[in-house]
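Reproduced below: upload_6.cif, with mmCIF, C-alpha atoms.
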```
data_final
loop_
_atom_site.label_atom_id
_atom_site.label_comp_id
_atom_site.auth_asym_id
_atom_site.auth_seq_id
_atom_site.Cartn_x
_atom_site.Cartn_y
_atom_site.Cartn_z
CA MET A 1 0.00 0.00 0.00
CA SER A 2 1.41 3.41 -0.95
CA LYS A 3 2.04 6.02 1.68
CA PRO A 4 -0.15 9.12 1.26
CA GLU A 5 2.85 11.38 0.70
CA PHE A 6 5.78 11.71 -1.71
CA VAL A 7 8.77 13.96 -1.08
CA TYR A 8 11.54 14.65 -3.59
CA VAL A 9 14.55 16.92 -3.12
CA THR A 10 16.95 18.01 -5.83
CA TYR A 11 19.85 20.49 -5.80
CA ILE A 12 20.37 22.62 -8.90
CA LYS A 13 23.18 24.98 -9.88
CA THR A 14 21.02 28.02 -10.65
CA THR A 15 19.39 30.94 -8.83
CA PRO A 16 16.04 30.93 -7.00
CA GLU A 17 14.73 33.40 -9.61
CA LYS A 18 15.71 31.22 -12.59
CA LEU A 19 14.24 28.14 -10.92
CA TRP A 20 11.05 30.06 -10.18
CA GLU A 21 10.80 31.07 -13.83
CA ALA A 22 11.29 27.46 -14.94
CA LEU A 23 8.61 26.27 -12.51
CA THR A 24 6.02 28.81 -13.63
CA ASP A 25 6.72 29.67 -17.26
CA ARG A 26 4.58 28.06 -19.94
CA LYS A 27 7.33 27.85 -22.59
CA MET A 28 9.98 26.53 -20.20
CA SER A 29 7.65 23.95 -18.68
CA LYS A 30 7.05 22.49 -22.15
CA LEU A 31 10.77 21.71 -22.41
CA TYR A 32 11.06 19.55 -19.30
CA TRP A 33 7.47 18.26 -19.00
CA PHE A 34 7.58 16.04 -22.13
CA GLY A 35 5.77 18.61 -24.27
CA ALA A 36 3.00 19.37 -21.80
CA HIS A 37 2.84 22.89 -20.36
CA LEU A 38 1.69 24.70 -17.24
CA GLU A 39 -1.01 27.36 -17.34
CA SER A 40 -1.73 29.76 -14.49
CA ASP A 41 -1.26 33.39 -13.53
CA TRP A 42 0.22 32.12 -10.24
CA LYS A 43 -1.95 34.18 -7.91
CA PRO A 44 -3.61 32.65 -4.84
CA GLY A 45 -7.12 31.56 -5.82
CA SER A 46 -6.31 31.40 -9.55
CA PRO A 47 -6.89 28.31 -11.67
CA TRP A 48 -3.91 26.12 -12.56
CA LYS A 49 -3.56 23.34 -15.12
CA ILE A 50 -1.17 21.09 -17.01
CA VAL A 51 -2.07 20.77 -20.69
CA HIS A 52 -0.83 17.86 -22.85
CA SER A 53 0.77 18.70 -26.21
CA ASP A 54 -2.44 17.37 -27.87
CA GLY A 55 -4.51 19.95 -25.94
CA ARG A 56 -6.08 17.61 -23.39
CA ILE A 57 -5.98 18.67 -19.75
CA MET A 58 -3.80 16.31 -17.71
CA ASP A 59 -4.19 17.93 -14.28
CA SER A 60 -6.18 20.89 -12.99
CA GLY A 61 -6.57 22.79 -9.76
CA GLU A 62 -6.04 26.03 -7.94
CA ILE A 63 -3.13 28.05 -6.57
CA LEU A 64 -3.44 28.04 -2.77
CA GLU A 65 -0.22 29.91 -1.96
CA CYS A 66 2.34 31.67 -4.09
CA GLU A 67 5.35 33.47 -2.67
CA LYS A 68 7.91 34.34 -5.35
CA PRO A 69 10.65 32.95 -5.47
CA LYS A 70 10.20 30.69 -2.44
CA ARG A 71 7.03 28.68 -2.25
CA ILE A 72 4.04 27.47 -4.27
CA VAL A 73 1.13 25.39 -2.98
CA ILE A 74 -1.26 23.87 -5.52
CA LYS A 75 -4.59 22.10 -5.00
CA TRP A 76 -4.14 19.41 -7.63
CA LEU A 77 -6.56 17.04 -9.37
CA ASN A 78 -5.43 14.42 -11.88
CA GLU A 79 -7.70 14.53 -14.95
CA TRP A 80 -5.88 11.91 -17.02
CA SER A 81 -7.03 8.69 -15.37
CA GLU A 82 -10.63 8.23 -14.20
CA GLU A 83 -9.43 5.90 -11.48
CA ILE A 84 -6.94 8.39 -10.09
CA LYS A 85 -9.28 11.36 -10.55
CA ALA A 86 -11.78 9.52 -8.33
CA GLU A 87 -9.28 9.77 -5.46
CA GLY A 88 -9.94 13.51 -5.40
CA TYR A 89 -7.68 16.48 -4.74
CA SER A 90 -4.07 16.22 -3.66
CA GLN A 91 -1.85 19.05 -2.47
CA CYS A 92 1.52 19.84 -3.97
CA THR A 93 3.99 22.12 -2.18
CA MET A 94 7.18 23.35 -3.82
CA GLU A 95 9.86 25.07 -1.78
CA ILE A 96 12.94 26.84 -3.11
CA GLU A 97 15.92 27.58 -0.91
CA GLN A 98 19.44 28.81 -1.64
CA VAL A 99 21.91 26.39 -0.03
CA ASP A 100 25.50 27.47 -0.46
CA GLY A 101 26.36 27.31 -4.19
CA ALA A 102 23.15 25.59 -5.29
CA VAL A 103 19.38 25.89 -5.01
CA LYS A 104 17.45 23.23 -3.13
CA LEU A 105 14.05 22.38 -4.56
CA THR A 106 11.70 20.31 -2.41
CA VAL A 107 8.48 18.93 -3.92
CA MET A 108 5.99 17.42 -1.48
CA HIS A 109 2.87 15.80 -2.85
CA ALA A 110 0.26 14.57 -0.41
CA ILE A 111 -3.25 13.13 -0.58
CA GLY A 112 -5.55 12.60 2.38
CA ARG A 113 -6.11 8.87 1.95
CA GLU A 114 -4.26 5.60 2.36
CA GLY A 115 -3.71 3.07 -0.43
CA THR A 116 -3.63 5.78 -3.08
CA LYS A 117 -2.67 5.18 -6.72
CA PHE A 118 -2.10 8.90 -7.21
CA ILE A 119 0.98 9.02 -4.98
CA GLY A 120 2.36 5.94 -6.77
CA ALA A 121 1.92 7.74 -10.09
CA VAL A 122 3.63 10.97 -8.99
CA SER A 123 6.45 8.96 -7.37
CA GLY A 124 7.32 7.75 -10.87
CA GLY A 125 6.65 11.08 -12.54
CA TRP A 126 8.37 13.70 -10.37
CA PRO A 127 11.91 12.19 -10.59
CA ARG A 128 11.71 12.34 -14.42
CA ILE A 129 10.32 15.87 -14.53
CA LEU A 130 12.69 17.25 -11.91
CA SER A 131 15.74 15.46 -13.38
CA ASN A 132 14.86 17.11 -16.69
CA LEU A 133 14.39 20.48 -15.02
CA LYS A 134 17.81 20.23 -13.36
CA SER A 135 19.50 19.27 -16.65
CA LEU A 136 17.71 22.09 -18.50
CA LEU A 137 18.88 24.73 -16.01
CA GLU A 138 22.45 23.39 -15.78
CA THR A 139 23.14 22.34 -19.38
CA GLY A 140 20.43 23.91 -21.55
CA SER A 141 18.97 20.57 -22.57
CA VAL A 142 16.92 17.84 -20.86
CA ALA A 143 18.03 14.31 -19.93
CA LEU A 144 14.92 12.58 -21.27
CA GLU A 145 13.38 13.90 -24.49
CA SER A 146 10.43 11.54 -24.39
CA LYS A 147 8.63 9.84 -21.53
CA PRO A 148 10.07 6.36 -20.98
CA ALA A 149 7.62 3.48 -21.30
CA MET B 1 15.26 -9.64 5.00
CA SER B 2 15.31 -5.86 4.77
CA ARG B 3 12.72 -3.20 4.01
CA PRO B 4 13.39 -0.35 1.55
CA ASP B 5 13.34 2.65 3.88
CA THR B 6 14.63 5.34 1.54
CA VAL B 7 14.40 5.27 -2.26
CA TYR B 8 15.78 7.99 -4.54
CA THR B 9 15.54 7.93 -8.34
CA ILE B 10 17.34 10.31 -10.66
CA TYR B 11 17.69 10.41 -14.46
CA ILE B 12 21.09 11.30 -15.87
CA ALA B 13 22.17 12.15 -19.43
CA SER B 14 24.98 9.58 -19.46
CA THR B 15 25.63 5.89 -20.05
CA PRO B 16 25.16 3.03 -17.54
CA ALA B 17 28.94 2.37 -17.65
CA ARG B 18 29.80 5.97 -16.70
CA VAL B 19 27.19 6.06 -13.92
CA PHE B 20 28.54 2.76 -12.55
CA GLU B 21 32.10 4.09 -12.70
CA ALA B 22 31.07 7.30 -10.93
CA LEU B 23 29.48 5.28 -8.11
CA THR B 24 32.45 2.96 -7.60
CA THR B 25 35.64 4.98 -8.02
CA ALA B 26 37.41 7.36 -5.66
CA GLU B 27 38.24 10.05 -8.23
CA TYR B 28 34.58 10.55 -9.12
CA ALA B 29 33.21 10.11 -5.61
CA LYS B 30 35.53 12.73 -4.10
CA GLN B 31 33.91 15.29 -6.41
CA TYR B 32 30.23 14.67 -5.58
CA PHE B 33 30.38 13.00 -2.13
CA PHE B 34 31.64 15.88 0.03
CA GLY B 35 35.25 14.83 -0.52
CA PHE B 36 34.64 11.20 0.53
CA ALA B 37 36.33 8.50 -1.57
CA VAL B 38 34.62 5.23 -2.59
CA GLU B 39 36.77 2.11 -3.04
CA CYS B 40 34.96 -0.95 -4.33
CA GLU B 41 36.18 -4.43 -5.25
CA LEU B 42 33.83 -5.44 -8.04
CA LYS B 43 33.01 -8.97 -6.90
CA VAL B 44 30.61 -10.52 -4.43
CA GLY B 45 32.31 -10.57 -1.03
CA GLY B 46 34.73 -7.82 -2.08
CA ALA B 47 35.46 -4.81 0.08
CA PHE B 48 33.37 -1.64 -0.15
CA VAL B 49 35.04 1.22 1.67
CA VAL B 50 34.20 4.91 1.92
CA ARG B 51 37.06 7.07 3.22
CA ALA B 52 36.62 10.46 4.83
CA PRO B 53 38.65 13.35 3.38
CA ASP B 54 41.32 12.71 6.08
CA GLY B 55 41.76 9.13 4.79
CA SER B 56 40.04 7.41 7.72
CA VAL B 57 37.55 4.63 7.02
CA HIS B 58 33.99 6.00 7.31
CA ILE B 59 32.09 3.05 5.87
CA ASP B 60 33.46 -0.47 6.04
CA GLY B 61 31.23 -2.65 3.90
CA LYS B 62 31.06 -5.73 1.71
CA VAL B 63 29.76 -6.25 -1.80
CA LEU B 64 26.54 -8.31 -1.74
CA ALA B 65 25.68 -8.18 -5.44
CA CYS B 66 27.68 -6.89 -8.38
CA ASP B 67 26.52 -6.85 -12.00
CA PRO B 68 28.34 -3.99 -13.77
CA PRO B 69 27.02 -1.66 -15.06
CA HIS B 70 23.49 -2.45 -13.87
CA LYS B 71 23.53 -3.34 -10.21
CA LEU B 72 25.61 -2.96 -7.08
CA SER B 73 24.47 -3.85 -3.59
CA VAL B 74 26.69 -3.28 -0.56
CA THR B 75 26.56 -3.25 3.22
CA TRP B 76 26.79 0.41 4.19
CA ASN B 77 27.84 0.30 7.80
CA VAL B 78 29.18 3.54 9.21
CA ASN B 79 32.31 2.78 11.20
CA TRP B 80 31.16 4.24 14.54
CA PRO B 81 31.66 2.03 17.61
CA GLY B 82 28.46 0.20 18.48
CA LEU B 83 26.53 1.31 15.38
CA VAL B 84 26.03 -2.09 13.73
CA GLU B 85 25.21 -3.72 17.08
CA LYS B 86 22.49 -1.12 17.73
CA LEU B 87 21.08 -0.62 14.21
CA GLY B 88 21.77 -3.90 12.44
CA GLU B 89 23.05 -3.89 8.87
CA THR B 90 22.38 -1.05 6.45
CA ILE B 91 22.23 -2.10 2.81
CA VAL B 92 22.54 0.27 -0.14
CA THR B 93 21.61 -0.92 -3.62
CA TYR B 94 22.09 0.95 -6.88
CA ASP B 95 20.02 -0.09 -9.89
CA ILE B 96 21.10 1.43 -13.20
CA ALA B 97 18.98 1.17 -16.35
CA GLN B 98 19.12 2.74 -19.78
CA MET B 99 15.83 4.60 -20.32
CA GLY B 100 15.61 6.03 -23.83
CA ASP B 101 18.38 8.59 -24.13
CA ALA B 102 19.17 8.75 -20.40
CA VAL B 103 20.08 6.53 -17.47
CA ARG B 104 17.77 5.88 -14.54
CA LEU B 105 19.67 5.46 -11.28
CA THR B 106 17.70 4.21 -8.29
CA MET B 107 19.30 4.16 -4.84
CA THR B 108 17.57 2.02 -2.24
CA GLU B 109 18.66 2.19 1.39
CA SER B 110 17.27 -0.63 3.47
CA HIS B 111 17.78 -1.82 7.00
CA GLU B 112 17.81 -5.15 8.73
CA ARG B 113 15.69 -3.71 11.55
CA GLU B 114 12.84 -1.26 11.71
CA LEU B 115 14.40 2.11 12.54
CA PRO B 116 12.84 5.39 13.67
CA ASP B 117 12.60 8.31 11.23
CA ASP B 118 15.21 10.26 13.23
CA ILE B 119 17.85 7.62 12.42
CA LEU B 120 16.78 7.55 8.76
CA SER B 121 16.82 11.37 8.51
CA GLY B 122 20.59 11.45 7.89
CA GLY B 123 20.38 9.39 4.70
CA ARG B 124 17.19 11.09 3.56
CA ALA B 125 18.95 14.47 3.77
CA GLY B 126 22.25 13.28 2.29
CA TRP B 127 21.26 11.17 -0.71
CA PRO B 128 19.48 13.93 -2.70
CA ALA B 129 22.53 16.22 -2.35
CA ILE B 130 25.04 13.46 -3.21
CA LEU B 131 23.12 12.12 -6.20
CA SER B 132 22.19 15.61 -7.48
CA SER B 133 25.90 16.44 -7.46
CA LEU B 134 26.78 13.13 -9.17
CA LYS B 135 24.33 14.05 -11.95
CA SER B 136 25.95 17.49 -12.28
CA VAL B 137 29.45 15.92 -12.46
CA LEU B 138 28.39 13.57 -15.26
CA GLU B 139 26.38 16.15 -17.21
CA THR B 140 28.46 19.30 -16.74
CA GLY B 141 31.87 18.07 -15.53
CA LYS B 142 31.46 20.01 -12.29
CA PRO B 143 30.00 19.06 -8.90
CA LEU B 144 27.60 21.24 -6.93
CA SER B 145 28.90 23.27 -4.04
CA VAL B 146 26.51 22.34 -1.24
CA LYS B 147 27.63 22.44 2.37
CA MET B 148 25.37 20.19 4.41
CA GLU B 149 24.52 20.80 8.03
CA PRO B 150 25.38 17.76 10.18
CA PRO B 151 22.31 15.49 10.55
CA MET B 152 21.63 16.56 14.14
CA LYS B 153 18.45 14.50 14.62
CA MET B 154 20.25 11.35 13.52
CA ILE B 155 23.31 12.07 15.67
CA ALA B 156 21.15 12.75 18.75
CA ALA B 157 19.16 9.55 18.15
CA LEU B 158 22.36 7.48 17.72
CA LYS B 159 23.88 8.93 20.90
CA ALA B 160 20.67 8.13 22.79
CA MET B 161 21.03 4.50 21.62
CA GLY B 162 24.59 4.35 22.95
CA VAL B 163 26.47 4.64 19.64
CA LYS B 164 29.80 6.46 20.01
CA VAL B 165 29.47 9.26 17.46
CA PRO B 166 32.82 11.04 16.92
#
```

Would you mind writing the file's structure down as C-alpha cells?
Amino acid sequence: MSKPEFVYVTYIKTTPEKLWEALTDRKMSKLYWFGAHLESDWKPGSPWKIVHSDGRIMDSGEILECEKPKRIVIKWLNEWSEEIKAEGYSQCTMEIEQVDGAVKLTVMHAIGREGTKFIGAVSGGWPRILSNLKSLLETGSVALESKPA
Amino acid sequence: MSRPDTVYTIYIASTPARVFEALTTAEYAKQYFFGFAVECELKVGGAFVVRAPDGSVHIDGKVLACDPPHKLSVTWNVNWPGLVEKLGETIVTYDIAQMGDAVRLTMTESHERELPDDILSGGRAGWPAILSSLKSVLETGKPLSVKMEPPMKMIAALKAMGVKVP
C-alpha cells in the first residue's frame, strides 16, 4: 500500500529566480514536461492546469499559496485517469531555498487517503520531470526527451 | 530480509557504464560525495570502503551483489563504535537502467531492523545532495557546491542509543 505522501529533493546549480521562472513559465515547462505545459497566472485563488501537447488537460486545480521565489502550494486534481481522478484532490507544495552554491528544490505531494494510486503515479513522474528540469537549467537541454515506457 | 526505507531515483544524461564508474571509483566520488572517496572491489564478497577526506575509514562494507554496469548492492555500515550492534546492517543498492536517451539510477537504502525516522533522517537528507551532485558531475563536468549541516536529529538519536558518534 502506498504512503499518502511523496517527497523529492533536488539540488540545482542556478538561482532561485531562474528556478522560479522554470517552474512557472509556460514555454519553459514544455521543455522539461515532455511537451505538456503549465497554465496559471500564479496568484492565490487562480486556476492552474497542465495541458498535454495534444490539448487535453492532464491535471487541474487552484493556486493556494504563491510566494515568489520561495514557495508554491497547488490544489491538484489528476484529470488523465478516471481511477486516479476519483481519489480527489491532492496538495503539492514546492519550496525553493538557496543552499551554499546551489538551489534546493523540495516537492511534497500529499493526498488525504491511504492506499492511493495517485501518490504511486507521482512517485514515478516527479523524478523524471525534476531530473529534466535540473538538466535544463544546468546544461540547456533535458536528460529525457520523451517519456520512458 | 530488509525493508526499503529510503528510495531515490534520478535520471542522468549519461551511459550506464559511466554512472557505474562514478558510483564505484574514488576520483569521481571525491567530487560529488563531500570529498569522501569510494573504493569498491567489483566482486561478491569484495570490500566496499568509503574514506573520509582525512583518509580514515567512514564506511566499512562488503559487496553483496555486483553486475556492472546495472547493479551494485553493498553493506553500508558507518564505522562508529556500536553502530552495527544497535542498528543492524544497512544495505545500499544501486540499480542502473538505460531509459531512452538517459540513465535511470535508483538508490535504495534498506535496514535489517525497523528504525525510527530520526535515524533515517541522515540518509534522507544526504542522498538527494550526493546524487544531485553526481548528476551534475556527469552532465556538466562540475560538482555542486553544497555544504550540508550535520544530521543533528540522527546524531542525537544514535547517541541516545549508545552509539559512540565522533

> Which residues, written as a PyMOL selection string, have at least one atom at most 12 Å from stretch 37-54 of chain B, with all atoms listed in the file counted and residues fewer than 2 positions away on the same chain left out?
Replying inline: chain B and resi 20-35+56-69+71-79+91-92

Starting from the shown file, work through the PyMOL selection byres ((chain B) within 7 of (chain A)) and note down what comes out as a tab-separated table (two decimals) with C-alpha atoms, keeping the file's coordinate frame.
```tsv
chain	number	residue	atom	x	y	z
B	9	THR	CA	15.54	7.93	-8.34
B	10	ILE	CA	17.34	10.31	-10.66
B	11	TYR	CA	17.69	10.41	-14.46
B	12	ILE	CA	21.09	11.30	-15.87
B	13	ALA	CA	22.17	12.15	-19.43
B	99	MET	CA	15.83	4.60	-20.32
B	100	GLY	CA	15.61	6.03	-23.83
B	101	ASP	CA	18.38	8.59	-24.13
B	102	ALA	CA	19.17	8.75	-20.40
B	128	PRO	CA	19.48	13.93	-2.70
B	129	ALA	CA	22.53	16.22	-2.35
B	132	SER	CA	22.19	15.61	-7.48
B	140	THR	CA	28.46	19.30	-16.74
B	144	LEU	CA	27.60	21.24	-6.93
B	145	SER	CA	28.90	23.27	-4.04
B	146	VAL	CA	26.51	22.34	-1.24
B	147	LYS	CA	27.63	22.44	2.37
```

Starting from 3 Å padding per side, set up an axis-aligned box that covers all listed atoms of stretch 101-113 of chain B and hand over centre and edge lengths in Å, one decimal, as JSON.
```
{"center_x": 17.9, "center_y": 1.8, "center_z": -6.3, "size_x": 10.4, "size_y": 19.9, "size_z": 41.7}
```

> Of the candidates A:Lys27, A:His109, A:Lys49, A:Lys43, which one gets nearest to A:Cys92 if we count all atoms listed in the file?
Replying inline: A:His109

>> Please determine, counting only C-alpha atoms, which residue among B:Glu139, B:Lys164, B:Asp118, B:Ala125 has the shortest atom-to-atom distance to B:Arg18.
In response: B:Glu139

>> Please report the interatomic distance between atom CA of B:Gly88 and atom CA of B:Val165 in Å with one decimal.
In response: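 So the answer is 16.1 Å.
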
> By how many Å are atom CA of A:Ala110 and atom CA of A:Asn78 apart?
Replying inline: 12.8 Å

>> Please compute the atom CA of B:Phe36-atom CA of B:Glu149 distance, one decimal, in Å.
In response: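 So the answer is 15.8 Å.
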
>> Could you check the closest approach to B:Ile130 for each of B:Ala17, B:Ala157, B:Leu115, B:Met148 and tell me which residue wins, using all atoms listed in the file?
In response: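 When distances to B:Ile130 are compared using all atoms listed in the file, the smallest one comes from B:Met148.
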
>> As a check of understanding, name the residues that the PyMOL selection byres ((chain A and resi 114) around 12) selects in the supplied structure, as an NGL selection string.
In response: :A and (1-5 or 87 or 110-113 or 115-120)

> Which protein, DNA or RNA residues have an atom at most 10 Å from (14.4, 30.0, -4.1), counting only C-alpha atoms? List them as JSON, numbers by chain.
Replying inline: {"A": [14, 15, 16, 17, 18, 19, 20, 67, 68, 69, 70, 71, 94, 95, 96, 97, 98, 99, 102, 103, 104, 105]}

Could you state which residues are captured by the PyMOL selection byres ((chain A and resi 50) around 12) in this file, as a tab-separated table (two decimals) with C-alpha atoms, in the coordinates of the input?
```
chain	number	residue	atom	x	y	z
A	23	LEU	CA	8.61	26.27	-12.51
A	24	THR	CA	6.02	28.81	-13.63
A	25	ASP	CA	6.72	29.67	-17.26
A	26	ARG	CA	4.58	28.06	-19.94
A	29	SER	CA	7.65	23.95	-18.68
A	30	LYS	CA	7.05	22.49	-22.15
A	33	TRP	CA	7.47	18.26	-19.00
A	34	PHE	CA	7.58	16.04	-22.13
A	35	GLY	CA	5.77	18.61	-24.27
A	36	ALA	CA	3.00	19.37	-21.80
A	37	HIS	CA	2.84	22.89	-20.36
A	38	LEU	CA	1.69	24.70	-17.24
A	39	GLU	CA	-1.01	27.36	-17.34
A	40	SER	CA	-1.73	29.76	-14.49
A	47	PRO	CA	-6.89	28.31	-11.67
A	48	TRP	CA	-3.91	26.12	-12.56
A	49	LYS	CA	-3.56	23.34	-15.12
A	51	VAL	CA	-2.07	20.77	-20.69
A	52	HIS	CA	-0.83	17.86	-22.85
A	53	SER	CA	0.77	18.70	-26.21
A	54	ASP	CA	-2.44	17.37	-27.87
A	55	GLY	CA	-4.51	19.95	-25.94
A	56	ARG	CA	-6.08	17.61	-23.39
A	57	ILE	CA	-5.98	18.67	-19.75
A	58	MET	CA	-3.80	16.31	-17.71
A	59	ASP	CA	-4.19	17.93	-14.28
A	60	SER	CA	-6.18	20.89	-12.99
A	61	GLY	CA	-6.57	22.79	-9.76
A	62	GLU	CA	-6.04	26.03	-7.94
A	74	ILE	CA	-1.26	23.87	-5.52
A	76	TRP	CA	-4.14	19.41	-7.63
A	77	LEU	CA	-6.56	17.04	-9.37
A	78	ASN	CA	-5.43	14.42	-11.88
A	79	GLU	CA	-7.70	14.53	-14.95
A	80	TRP	CA	-5.88	11.91	-17.02
```
